[in-house]
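Chemist: Here it is, the structure, as structure tokens.
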Amino acid sequence: MQDDELGYFLRVREKETFFRRESARETRELSYTAEACTGCGLCYEACPVGAIKLGPTGGIARGLIDAPSIEIDAERCVLCGVCSAVCMFNAIDVRVDEASVRGNPEFPNFLRAFVFNQDKCRMKDEAKLVPCDECMRACPREAITFAGIVERGGKKINTIERDEERCVFCSSCAEACPTQAIAVEKVFEGEVVVDHDTCTGCGTCVEICPTKAMQMPRSAPWEKPAKVESNPKTCIYCGACEHACPVNAIEVRREKVNYTRGEERSWTKKWEKIFREL
């Protein structure tokens with residue numbers, strides 16, 4: 001390929017979008033998988049060129065509409081990779097010369113952590129070898145599985161496995177663990193504000209919430225019920241509930257974002273600004 005030549009390839013299917021730009025200097029690719037997307041809107045908010053459009057996420061969540069949660073304009077997209085870096089659900093992957101932007105130390109990325117202390121993990125009944133699976137049952141995305149009771153150093157221990165593709169670091173597992181064997185550092189700190197006078201109690205936010213943090217609380221007959229509320233311990237402040245709400249009764253307020261700066265490049269400050277503004 002000559003220095004002044006560019007090559008483009010685009011493939012759009014019902015649940016998948018893929019396009020590639022090739023030049024003599026580099027090859028960039030973007031792939032979007034609709035089935036993994038929650039319509040949270042982080043990519044939409046972060047895109048510096050307005051190439052991403054949100055679909056009818058509320059109707060999709062309620063099963064009324066069968067469509068992708070976002071649309072990506074391949075003609076407008078510059079394949080910078082910001083959307084891939086901020087996608088918490090691994091629905092968008094941008095690659096530069098086959099290396100993914102997501103989790104790449106060369107690029108700014110979300111900073112989050114999952115720590116499992118095997119020494120603290122205990123069975124429910126060690127004498128009867130009854131395993132503990134509280135973290136697995138609490139995980140809203142089936143990212144944790146019970147790996148069995150194995151023998152190590154002459155001792156039988158409870159073990160788990162975590163699927164990095166499914167895990168969104170919501171801390172549901174840490175909250176459920178009876179021995180505090182799990183610690184999670186989340187990406188965002190903040191709050192979800194619900195206008196209960198506007199809220200109709202339709203439940204769309206509950207259906208779309210990827211961590212089951214949005215709940216329809218039960219109350220005593222003599223109490224005025226709150227139509228919906230958010231659990232701050234497991235909420236990841238992704239924004240899916242806000243964008244899906246049909247009456248605009250929800251506001252997600254992010255107060256802090258944890259991210260890594262990546263390597264110093266000409267576009268690093270622009271990326272940092274985008275992360276901070278989320």
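Identifiers in the structure tokens: chain A, B, ... in order shown; residue index from 1 per chain; ligand index from 1 in order shown.
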Please report as a Markdown table every residue of range 174-267 of chain A lying within 9 Å of range 41-55 of chain A, along with the nearest atom pair and their distance in Å (one decimal), using only C-alpha atoms.
Modeler:
| residue | atom | partner | partner_atom | distance |
| --- | --- | --- | --- | --- |
| A:Cys238 | CA | A:Leu42 | CA | 6.8 |
| A:Gly239 | CA | A:Gly41 | CA | 6.4 |
| A:Ala240 | CA | A:Gly41 | CA | 6.6 |
| A:His243 | CA | A:Gly41 | CA | 7.1 |
Chemist: Got a sec: who's within 10 Å of range 167-184 of chain A, counting only C-alpha atoms, leaving out chain neighbours fewer than 4 positions off, as a PyMOL selection string?
Modeler: chain A and resi 88-90+112-124+132-144+162-163+188+210-213+232-237
Chemist: Leaving out Ile60 in chain A and any residue of its chain fewer than 6 positions from it, which residues lie within 8 Å of it when counting only C-alpha atoms, given as an MDAnalysis selection string?
Modeler: chainID A and resid 66:67 69
Chemist: With C-alpha atoms kept, could you save the residues just selected as a PDB file, in the first residue's frame?
Modeler:
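Result file follows (result05.pdb):
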ATOM      1  CA  ASP A  66     -35.448  -5.955  18.703  1.00  0.00           C
ATOM      2  CA  ALA A  67     -32.590  -3.670  17.740  1.00  0.00           C
ATOM      3  CA  SER A  69     -28.706  -0.468  21.645  1.00  0.00           C
TER       4      SER A  69
END
Chemist: Where does DSSP see helix (DSSP H, G or I) in range 43-74 of chain A, if you list the residues as a VMD selection string?
Modeler: chain A and resid 43 to 46 57 to 61
Chemist: Take the residues from that selection and write them out as a short mmCIF file (atom, residue, chain, number, x, y, z; two decimals), in the first residue's frame, keeping C-alpha atoms.
Modeler:
data_model
loop_
_atom_site.label_atom_id
_atom_site.label_comp_id
_atom_site.auth_asym_id
_atom_site.auth_seq_id
_atom_site.Cartn_x
_atom_site.Cartn_y
_atom_site.Cartn_z
CA CYS A 43 -19.46 5.25 24.59
CA TYR A 44 -22.06 7.73 23.36
CA GLU A 45 -21.00 10.24 26.02
CA ALA A 46 -17.28 9.71 25.40
CA THR A 57 -32.80 1.36 25.01
CA GLY A 58 -35.96 1.43 27.13
CA GLY A 59 -38.02 -0.43 24.54
CA ILE A 60 -35.17 -2.87 23.98
CA ALA A 61 -34.93 -3.57 27.72
#
Chemist: Neighbours of Arg253 in chain A within 9 Å (only C-alpha atoms; same-chain residues fewer than 2 positions away dropped), as a CSV table (one decimal) with C-alpha atoms, in the first residue's frame?
Modeler:
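Contents of selection_8.csv, as written:
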chain,number,residue,atom,x,y,z
A,189,GLU,CA,-18.1,6.7,42.7
A,190,GLY,CA,-21.3,8.7,42.7
A,191,GLU,CA,-25.1,8.5,43.3
A,192,VAL,CA,-28.3,7.7,41.4
A,193,VAL,CA,-31.0,10.3,42.0
A,237,TYR,CA,-23.0,4.1,37.7
A,239,GLY,CA,-26.0,5.2,33.1
A,251,GLU,CA,-30.1,11.0,37.0
A,255,GLU,CA,-18.3,12.1,41.3
Chemist: Write out as a VMD selection string all residues of range 16-251 of chain A that DSSP puts in strand (DSSP E) for this structure's backbone.
Modeler: chain A and resid 16 to 22 27 to 33 52 to 54 70 to 72 92 to 96 99 to 100 109 to 110 113 to 116 144 to 152 155 to 162 182 to 185 188 to 194 214 to 215 229 to 230 250 to 251
Chemist: Calculated over only C-alpha atoms, which of the candidates A:Ile70, A:Val150, A:Leu30, A:Lys128 has the smallest distance to Val94 in chain A?
Modeler: A:Leu30
Chemist: For Ala244 in chain A, which residue out of A:Lys270, A:Ala147, A:Arg62, A:Glu26 is the nearest one, using only C-alpha atoms?
Modeler: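 Of the candidates, the smallest distance to Ala244 in chain A is held by A:Arg62.
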Chemist: Could you list, as a PyMOL selection string, every residue within 9 Å of Arg261 in chain A, counting only C-alpha atoms and ignoring same-chain residues fewer than 3 positions away?
Modeler: chain A and resi 105-109+264+268-269+271-272
Chemist: Please, could you write that set of residues out with N, CA and C atoms as a compact mmCIF listing (two decimals), in the first residue's frame?
Modeler:
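Wrote it out as out.txt, contents follow:
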# COMPACT_ATOMS: atom_id res chain seq x y z
N PRO A 105 -1.84 -0.84 28.16
CA PRO A 105 -1.14 0.17 28.97
C PRO A 105 -0.69 1.39 28.17
N GLU A 106 -0.71 1.30 26.84
CA GLU A 106 -0.34 2.45 26.03
C GLU A 106 -1.44 3.51 26.01
N PHE A 107 -2.66 3.12 26.34
CA PHE A 107 -3.82 4.02 26.26
C PHE A 107 -4.40 4.24 27.65
N PRO A 108 -5.04 5.40 27.89
CA PRO A 108 -5.81 5.56 29.13
C PRO A 108 -6.92 4.51 29.18
N ASN A 109 -7.13 3.94 30.35
CA ASN A 109 -8.17 2.93 30.54
C ASN A 109 -8.72 3.05 31.95
N GLU A 264 2.47 8.76 27.41
CA GLU A 264 2.34 10.15 27.00
C GLU A 264 2.35 10.23 25.48
N THR A 268 -3.10 12.17 24.57
CA THR A 268 -3.34 11.71 25.94
C THR A 268 -4.19 12.70 26.74
N LYS A 269 -3.88 14.00 26.65
CA LYS A 269 -4.63 14.99 27.42
C LYS A 269 -6.09 15.05 26.99
N TRP A 271 -7.83 12.50 25.81
CA TRP A 271 -8.46 11.31 26.39
C TRP A 271 -8.73 11.51 27.87
N GLU A 272 -7.77 12.07 28.59
CA GLU A 272 -7.95 12.31 30.02
C GLU A 272 -9.14 13.23 30.27
Chemist: Point out the residue among A:Gly262, A:Glu71, A:Ser84, A:Asp93 with the least atom-to-atom distance to Ser31 in chain A, counting only C-alpha atoms.
Modeler: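 Selected residue with least distance to Ser31 in chain A: A:Asp93.
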Chemist: What separation in Å, quoted to one decimal, exists between CA of Leu10 in chain A and CA of Pro56 in chain A?
Modeler: 23.7 Å
Chemist: With only C-alpha atoms as the basis for distance, which of A:Cys209, A:Val247, A:Leu79, A:Leu111 is at the shortest distance from His196 in chain A?
Modeler: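 Counting only C-alpha atoms, the residue closest to His196 in chain A is A:Val247.
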Chemist: Between CA of Val257 in chain A and CA of Thr145 in chain A, what is the distance, to one decimal in Å?
Modeler: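 Separation between CA of Val257 in chain A and CA of Thr145 in chain A: 28.4 Å.
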